[in-house]
Amino acid sequence: MIIQLESKLPSSATSDVLQAVKNIGYKPTTVNTQFGNYVVCVGKKDFDIRSLGSLAGVRDIHYVSDDYQLVSRKWKVERTAIDLGDGVKIGNGAFQMMAGPCSIESEEQVLSIVQHLKRCGVRIMRGGVFKPRSSPYSFRGMGLDGLKMFSAICREHGIKIITEVMEVAQIEPMYEYIDVYQVGARNSQNFNLLDELGRVDKPVMIKRGISGTIEELLYSAEYVFSAGNERLMICERGIRTYESASRNTFDINAIPILRDKTHLPVIVDPSHAIGLRDFVAPVALAGVAAGADGIIIEIHETPEEAASDGAQTLNYEESAQLFTRIRALLDVQETW
Ligand code: PEP
Ligand code: MN
């Protein structure tokens with residue numbers, strides 16, 4: 001159960017609500033985000049709703065039958081839209097494409113990709129500076145100095161930035177240089193990281209864990225929301241299965257299921273999902289057709305020379321064609 005409180009409530013009124021909830025037998029947790037004040041109550045109890053609804057400061061009460069609460073679609077009629085400023089919105093009908101290299105490599109590379117994105121009308125660039133790599137000997141990213149360079153170029157050209165945060169200590173130094181924190185698949189259940197991202201007023205995109213279930217992904221999102229940040233989206237990036245013909249298995253089922261279960265925007269990452277450059281486009285289009293609110297793909301001027309994930313990275317011609325096809329598909333979907 002979620003109790004929505006009025007904003008600017010005196011603490012005595014909040015205490016009265018908490019006490020009333022405890023008296024019924026619920027365990028309450030207060031949650032204050034950028035947009036609202038909530039009391040999340042767990043433990044199912046029968047009671048007369050009027051006993052809470054008439055308390056001072058209570059705006060609304062919602063029964064949510066899911067175990068996750070704040071991210072559930074059961075209480076929020078309108079889907080969440082994330083506003084990155086300058087007209088860049090994601091969710092609730094606003095579709096966004098995000099593209100860029102797996103790793104930020106150099107100033108020339110960032111400038112070249114930024115110009116390509118501008119030509120294609122793409123407003124958000126991805127690119128890792130802190131790279132989780134299976135082998136410690138692989139390229140592990142340019143770090144904070146690379147981010148500063150990445151950010152300066154993007155800011156100059158009006159392009160927004162999404163980049164991966166790997167640990168709590170990186171959150172604060174990254175803050176001013178980015179627009180969205182990406183939580184990678186390997187950190188999808190790093191609960192300390194999720195908790196801390198809940199205390200920051202900056203959008204977060206959480207990727208599904210390599211072997212993570214849909215429910216686990218929703219709980220990860222619940223961590224961030226319940227710690228205070230509701231500017232949140234989730235990303236299907238493929239899961240590990242027994243299939244070895246592709247890097248991962250794109251779980252297309254997850255798109256309509258997630259959109260049914262949560263009000264948060266659902267993003268697809270076809271690059272990591274299939275891992276094969278020749279098949280990124282069909283998987284991307286399938287994700288869009290299934291109802292995704294956005295897409296994130298890996299691109300590079302010369303994928304063969306990319307420092308990481310070149311085998312799943314599209315070149316400029318391939319990505320430009322994919323962006324055009326996605327737009328055509330979105331236009332058709334509007335008429336469905
Ligand atoms: C990435 O986006 O480059 C990345 C490492 O993705 P994932 O966490 O999904 O493996
Ligand atoms: Mn990658």
# chains A, B, ... in the order shown; residues from 1 in each chain; ligands from 1

$ select_by_dssp --residues "segment 169-320 of chain A" --states "strand (DSSP E)" --output "count of residues only"
21

$ select_by_dssp --residues "segment 254-333 of chain A" --states "alpha helix (DSSP H)" --output "short mmCIF file (atom, residue, chain, number, x, y, z; two decimals) with N, CA, C and O atoms, in the first residue's frame"
data_model
loop_
_atom_site.label_atom_id
_atom_site.label_comp_id
_atom_site.auth_asym_id
_atom_site.auth_seq_id
_atom_site.Cartn_x
_atom_site.Cartn_y
_atom_site.Cartn_z
N ALA A 254 10.16 -9.43 -22.26
CA ALA A 254 10.31 -8.49 -21.14
C ALA A 254 9.72 -7.12 -21.47
O ALA A 254 9.30 -6.41 -20.55
N ILE A 255 9.67 -6.75 -22.74
CA ILE A 255 9.22 -5.38 -23.06
C ILE A 255 7.73 -5.20 -22.72
O ILE A 255 7.40 -4.34 -21.90
N PRO A 256 6.83 -6.00 -23.32
CA PRO A 256 5.42 -5.80 -22.92
C PRO A 256 5.16 -6.13 -21.45
O PRO A 256 4.32 -5.48 -20.81
N ILE A 257 5.89 -7.11 -20.92
CA ILE A 257 5.66 -7.46 -19.51
C ILE A 257 6.07 -6.30 -18.60
O ILE A 257 5.33 -5.90 -17.70
N LEU A 258 7.24 -5.73 -18.86
CA LEU A 258 7.69 -4.60 -18.03
C LEU A 258 6.74 -3.41 -18.18
O LEU A 258 6.43 -2.74 -17.19
N ARG A 259 6.30 -3.18 -19.39
CA ARG A 259 5.39 -2.04 -19.58
C ARG A 259 4.05 -2.26 -18.88
O ARG A 259 3.36 -1.31 -18.52
N ASP A 260 3.71 -3.51 -18.69
CA ASP A 260 2.48 -3.82 -17.95
C ASP A 260 2.70 -3.68 -16.44
O ASP A 260 1.81 -3.29 -15.71
N LYS A 261 3.92 -4.01 -16.00
CA LYS A 261 4.16 -4.06 -14.55
C LYS A 261 4.60 -2.73 -13.96
O LYS A 261 4.44 -2.50 -12.77
N PRO A 270 19.82 -3.41 -28.03
CA PRO A 270 19.99 -4.56 -28.92
C PRO A 270 21.46 -4.92 -29.12
O PRO A 270 21.77 -6.06 -29.47
N SER A 271 22.37 -3.98 -28.90
CA SER A 271 23.79 -4.23 -29.14
C SER A 271 24.31 -5.32 -28.20
O SER A 271 24.90 -6.32 -28.64
N HIS A 272 24.08 -5.13 -26.88
CA HIS A 272 24.53 -6.14 -25.93
C HIS A 272 23.62 -7.37 -25.98
O HIS A 272 24.05 -8.47 -25.64
N ALA A 273 22.37 -7.17 -26.38
CA ALA A 273 21.42 -8.29 -26.38
C ALA A 273 21.83 -9.38 -27.36
O ALA A 273 21.76 -10.56 -27.05
N ILE A 274 22.26 -8.96 -28.56
CA ILE A 274 22.62 -10.01 -29.54
C ILE A 274 24.13 -10.08 -29.75
O ILE A 274 24.67 -11.17 -29.98
N VAL A 280 21.97 -6.40 -35.16
CA VAL A 280 21.52 -5.39 -34.19
C VAL A 280 20.24 -4.71 -34.69
O VAL A 280 19.29 -4.50 -33.92
N ALA A 281 20.19 -4.39 -35.99
CA ALA A 281 19.03 -3.65 -36.51
C ALA A 281 17.71 -4.42 -36.35
O ALA A 281 16.75 -3.87 -35.82
N PRO A 282 17.64 -5.70 -36.79
CA PRO A 282 16.35 -6.39 -36.60
C PRO A 282 15.93 -6.50 -35.13
O PRO A 282 14.74 -6.38 -34.81
N VAL A 283 16.92 -6.71 -34.25
CA VAL A 283 16.56 -6.81 -32.83
C VAL A 283 16.08 -5.45 -32.31
O VAL A 283 15.10 -5.37 -31.55
N ALA A 284 16.74 -4.40 -32.75
CA ALA A 284 16.32 -3.05 -32.34
C ALA A 284 14.88 -2.78 -32.77
O ALA A 284 14.05 -2.31 -32.00
N LEU A 285 14.59 -3.11 -34.03
CA LEU A 285 13.24 -2.86 -34.57
C LEU A 285 12.20 -3.70 -33.84
O LEU A 285 11.08 -3.24 -33.56
N ALA A 286 12.59 -4.93 -33.50
CA ALA A 286 11.66 -5.80 -32.75
C ALA A 286 11.35 -5.18 -31.39
O ALA A 286 10.21 -5.18 -30.93
N GLY A 287 12.38 -4.63 -30.75
CA GLY A 287 12.18 -3.99 -29.44
C GLY A 287 11.26 -2.79 -29.54
O GLY A 287 10.38 -2.58 -28.69
N VAL A 288 11.44 -2.01 -30.58
CA VAL A 288 10.58 -0.83 -30.78
C VAL A 288 9.14 -1.29 -31.04
O VAL A 288 8.19 -0.77 -30.46
N ALA A 289 9.01 -2.30 -31.90
CA ALA A 289 7.66 -2.80 -32.22
C ALA A 289 6.98 -3.37 -30.98
O ALA A 289 5.76 -3.32 -30.86
N TYR A 316 28.63 4.40 -39.13
CA TYR A 316 27.74 5.55 -39.31
C TYR A 316 26.62 5.26 -40.30
O TYR A 316 25.46 5.64 -40.10
N GLU A 317 26.99 4.58 -41.38
CA GLU A 317 25.98 4.30 -42.41
C GLU A 317 24.90 3.36 -41.84
O GLU A 317 23.70 3.60 -42.01
N GLU A 318 25.35 2.31 -41.17
CA GLU A 318 24.39 1.35 -40.61
C GLU A 318 23.50 2.00 -39.55
O GLU A 318 22.29 1.76 -39.51
N SER A 319 24.11 2.83 -38.70
CA SER A 319 23.30 3.44 -37.64
C SER A 319 22.33 4.47 -38.22
O SER A 319 21.17 4.54 -37.79
N ALA A 320 22.79 5.24 -39.22
CA ALA A 320 21.88 6.24 -39.82
C ALA A 320 20.66 5.54 -40.42
O ALA A 320 19.52 5.99 -40.27
N GLN A 321 20.91 4.40 -41.07
CA GLN A 321 19.81 3.66 -41.67
C GLN A 321 18.86 3.12 -40.59
O GLN A 321 17.63 3.17 -40.74
N LEU A 322 19.45 2.65 -39.50
CA LEU A 322 18.61 2.13 -38.41
C LEU A 322 17.75 3.25 -37.80
O LEU A 322 16.56 3.06 -37.54
N PHE A 323 18.35 4.41 -37.57
CA PHE A 323 17.56 5.52 -36.99
C PHE A 323 16.37 5.86 -37.91
O PHE A 323 15.26 6.10 -37.43
N THR A 324 16.62 5.87 -39.22
CA THR A 324 15.55 6.17 -40.17
C THR A 324 14.45 5.12 -40.08
O THR A 324 13.25 5.43 -40.07
N ARG A 325 14.87 3.86 -40.01
CA ARG A 325 13.87 2.78 -39.94
C ARG A 325 13.07 2.84 -38.64
O ARG A 325 11.86 2.59 -38.64
N ILE A 326 13.76 3.15 -37.56
CA ILE A 326 13.04 3.25 -36.28
C ILE A 326 11.98 4.36 -36.36
O ILE A 326 10.84 4.18 -35.94
N ARG A 327 12.39 5.48 -36.93
CA ARG A 327 11.41 6.59 -37.05
C ARG A 327 10.22 6.17 -37.91
O ARG A 327 9.08 6.51 -37.60
N ALA A 328 10.50 5.44 -38.97
CA ALA A 328 9.40 4.99 -39.85
C ALA A 328 8.48 4.05 -39.07
O ALA A 328 7.25 4.13 -39.18
N LEU A 329 9.07 3.18 -38.27
CA LEU A 329 8.27 2.24 -37.49
C LEU A 329 7.43 2.98 -36.43
O LEU A 329 6.25 2.67 -36.23
N LEU A 330 8.03 3.99 -35.81
CA LEU A 330 7.28 4.77 -34.81
C LEU A 330 6.09 5.48 -35.47
O LEU A 330 5.01 5.55 -34.89
N ASP A 331 6.32 5.96 -36.69
CA ASP A 331 5.22 6.63 -37.40
C ASP A 331 4.08 5.65 -37.67
O ASP A 331 2.91 5.97 -37.48
N VAL A 332 4.45 4.43 -38.09
CA VAL A 332 3.42 3.42 -38.35
C VAL A 332 2.69 3.08 -37.05
O VAL A 332 1.47 2.98 -37.01
N GLN A 333 3.46 2.94 -35.97
CA GLN A 333 2.84 2.56 -34.69
C GLN A 333 1.81 3.57 -34.23
O GLN A 333 0.84 3.22 -33.58
#

$ residues_near_ligand --ligand "ligand 2" --cutoff "10 Å" --atoms "only C-alpha atoms and all ligand atoms" --output "list in words"
Gly100, Pro101, Cys102, Ser103, Arg126, Gly127, Gly128, Lys131, Pro132, Arg133, Gly184, Asp269, Ser271, His272, Gly275, Ile297, Glu298, Ile299, Ala307, Ser308, Asp309, Gly310, Ala311, Gln312 and Thr313 of chain A

$ residues_around --residues "Cys41 of chain A" --least-positions-apart "5" --cutoff "9 Å" --atoms "only C-alpha atoms" --output "list in words"
Met1, Ile2, Ile3, Val21, Lys22, Tyr26, Lys27, Pro28, Thr29, Thr30 and Gln69 of chain A

$ write_last_selection --atoms "C-alpha atoms" --output "CSV table (one decimal), in the first residue's frame"
chain,number,residue,atom,x,y,z
A,1,MET,CA,0.0,0.0,0.0
A,2,ILE,CA,1.2,3.5,-0.9
A,3,ILE,CA,0.0,6.6,1.0
A,21,VAL,CA,-0.3,2.7,9.9
A,22,LYS,CA,1.7,0.9,12.6
A,26,TYR,CA,1.7,-2.4,8.6
A,27,LYS,CA,5.4,-1.7,8.5
A,28,PRO,CA,5.8,1.8,7.1
A,29,THR,CA,8.7,3.4,5.3
A,30,THR,CA,8.7,7.1,4.5
A,69,GLN,CA,5.4,-0.9,-4.7

$ residues_around --residues "Tyr63 of chain A" --least-positions-apart "5" --cutoff "12 Å" --atoms "only C-alpha atoms" --output "ChimeraX atom specification"
/A:1-4,40-47,49,68-70,72-76

$ atom_distance --atom1 "atom CA of Ala152 of chain A" --atom2 "atom CA of Val88 of chain A"
18.4 Å

$ closest_residue --among "A:Glu156, A:Glu167, A:Glu236, A:Glu230" --to "ligand 1" --atoms "only C-alpha atoms and all ligand atoms"
A:Glu236

$ decode --residues "segment 200-215 of chain A" --atoms "all heavy atoms" --output "CSV table (one decimal), in the first residue's frame"
chain,number,residue,atom,x,y,z
A,200,VAL,N,20.4,10.9,-5.2
A,200,VAL,CA,20.9,11.9,-6.1
A,200,VAL,C,19.8,12.4,-7.0
A,200,VAL,O,18.9,11.6,-7.4
A,200,VAL,CB,22.0,11.3,-7.1
A,200,VAL,CG1,22.7,12.4,-7.9
A,200,VAL,CG2,23.0,10.5,-6.3
A,201,ASP,N,19.7,13.7,-7.3
A,201,ASP,CA,18.7,14.2,-8.2
A,201,ASP,C,19.2,14.2,-9.6
A,201,ASP,O,19.6,15.3,-10.2
A,201,ASP,CB,18.2,15.6,-7.8
A,201,ASP,CG,17.0,16.0,-8.6
A,201,ASP,OD1,16.4,15.1,-9.3
A,201,ASP,OD2,16.6,17.2,-8.5
A,202,LYS,N,19.3,13.1,-10.2
A,202,LYS,CA,19.8,12.9,-11.6
A,202,LYS,C,19.2,11.6,-12.1
A,202,LYS,O,19.2,10.6,-11.4
A,202,LYS,CB,21.3,12.9,-11.6
A,202,LYS,CG,22.0,12.8,-12.9
A,202,LYS,CD,22.2,14.1,-13.5
A,202,LYS,CE,23.4,15.0,-13.0
A,202,LYS,NZ,23.6,16.2,-13.8
A,203,PRO,N,18.7,11.6,-13.4
A,203,PRO,CA,18.1,10.3,-13.8
A,203,PRO,C,19.1,9.1,-13.8
A,203,PRO,O,20.3,9.3,-14.0
A,203,PRO,CB,17.7,10.7,-15.3
A,203,PRO,CG,17.5,12.1,-15.2
A,203,PRO,CD,18.5,12.7,-14.3
A,204,VAL,N,18.4,8.0,-13.7
A,204,VAL,CA,19.2,6.7,-13.6
A,204,VAL,C,18.6,5.7,-14.6
A,204,VAL,O,17.3,5.6,-14.6
A,204,VAL,CB,19.1,6.1,-12.2
A,204,VAL,CG1,19.8,4.7,-12.1
A,204,VAL,CG2,19.8,7.1,-11.1
A,205,MET,N,19.4,5.0,-15.3
A,205,MET,CA,18.9,3.9,-16.1
A,205,MET,C,19.5,2.6,-15.6
A,205,MET,O,20.8,2.5,-15.6
A,205,MET,CB,19.2,4.0,-17.6
A,205,MET,CG,18.6,2.9,-18.4
A,205,MET,SD,19.1,3.0,-20.2
A,205,MET,CE,20.7,2.2,-20.2
A,206,ILE,N,18.7,1.6,-15.2
A,206,ILE,CA,19.2,0.4,-14.6
A,206,ILE,C,19.1,-0.7,-15.7
A,206,ILE,O,18.0,-1.0,-16.2
A,206,ILE,CB,18.4,-0.1,-13.4
A,206,ILE,CG1,18.4,1.1,-12.3
A,206,ILE,CG2,19.1,-1.3,-12.7
A,206,ILE,CD1,17.5,0.7,-11.1
A,207,LYS,N,20.2,-1.4,-16.0
A,207,LYS,CA,20.1,-2.5,-16.9
A,207,LYS,C,19.8,-3.8,-16.2
A,207,LYS,O,20.1,-3.9,-15.0
A,207,LYS,CB,21.5,-2.6,-17.6
A,207,LYS,CG,21.7,-1.5,-18.6
A,207,LYS,CD,22.9,-1.9,-19.4
A,207,LYS,CE,22.9,-1.2,-20.8
A,207,LYS,NZ,23.9,-1.8,-21.6
A,208,ARG,N,19.2,-4.7,-16.9
A,208,ARG,CA,18.8,-6.0,-16.3
A,208,ARG,C,20.1,-6.8,-16.1
A,208,ARG,O,21.0,-6.7,-16.9
A,208,ARG,CB,17.9,-6.7,-17.3
A,208,ARG,CG,17.4,-8.0,-16.8
A,208,ARG,CD,16.4,-8.6,-17.8
A,208,ARG,NE,15.9,-9.9,-17.4
A,208,ARG,CZ,15.0,-10.5,-18.1
A,208,ARG,NH1,14.5,-10.0,-19.2
A,208,ARG,NH2,14.6,-11.7,-17.7
A,209,GLY,N,20.1,-7.5,-15.0
A,209,GLY,CA,21.3,-8.3,-14.7
A,209,GLY,C,21.5,-9.4,-15.7
A,209,GLY,O,20.6,-9.8,-16.4
A,210,ILE,N,22.7,-9.9,-15.8
A,210,ILE,CA,23.1,-10.9,-16.8
A,210,ILE,C,22.2,-12.1,-16.7
A,210,ILE,O,21.8,-12.7,-17.7
A,210,ILE,CB,24.6,-11.2,-16.8
A,210,ILE,CG1,25.4,-10.0,-17.3
A,210,ILE,CG2,24.9,-12.5,-17.6
A,210,ILE,CD1,26.8,-10.0,-17.1
A,211,SER,N,21.9,-12.5,-15.4
A,211,SER,CA,21.0,-13.6,-15.2
A,211,SER,C,19.8,-13.1,-14.4
A,211,SER,O,19.2,-13.9,-13.6
A,211,SER,CB,21.7,-14.8,-14.4
A,211,SER,OG,23.0,-15.0,-15.0
A,212,GLY,N,19.5,-11.9,-14.5
A,212,GLY,CA,18.4,-11.3,-13.7
A,212,GLY,C,17.0,-11.6,-14.2
A,212,GLY,O,16.8,-11.6,-15.4
A,213,THR,N,16.1,-11.8,-13.3
A,213,THR,CA,14.7,-11.9,-13.7
A,213,THR,C,14.1,-10.5,-13.8
A,213,THR,O,14.6,-9.5,-13.3
A,213,THR,CB,13.9,-12.7,-12.7
A,213,THR,OG1,13.9,-12.0,-11.4
A,213,THR,CG2,14.5,-14.1,-12.4
A,214,ILE,N,12.9,-10.5,-14.5
A,214,ILE,CA,12.2,-9.2,-14.6
A,214,ILE,C,11.8,-8.7,-13.2
A,214,ILE,O,12.0,-7.5,-12.9
A,214,ILE,CB,10.9,-9.5,-15.4
A,214,ILE,CG1,11.3,-9.7,-16.9
A,214,ILE,CG2,9.9,-8.4,-15.3
A,214,ILE,CD1,10.2,-10.2,-17.8
A,215,GLU,N,11.5,-9.6,-12.3
A,215,GLU,CA,11.1,-9.1,-11.0
A,215,GLU,C,12.3,-8.5,-10.2
A,215,GLU,O,12.2,-7.5,-9.6
A,215,GLU,CB,10.5,-10.3,-10.2
A,215,GLU,CG,10.0,-9.9,-8.8
A,215,GLU,CD,9.3,-11.0,-8.1
A,215,GLU,OE1,10.0,-12.1,-7.9
A,215,GLU,OE2,8.1,-10.9,-7.7
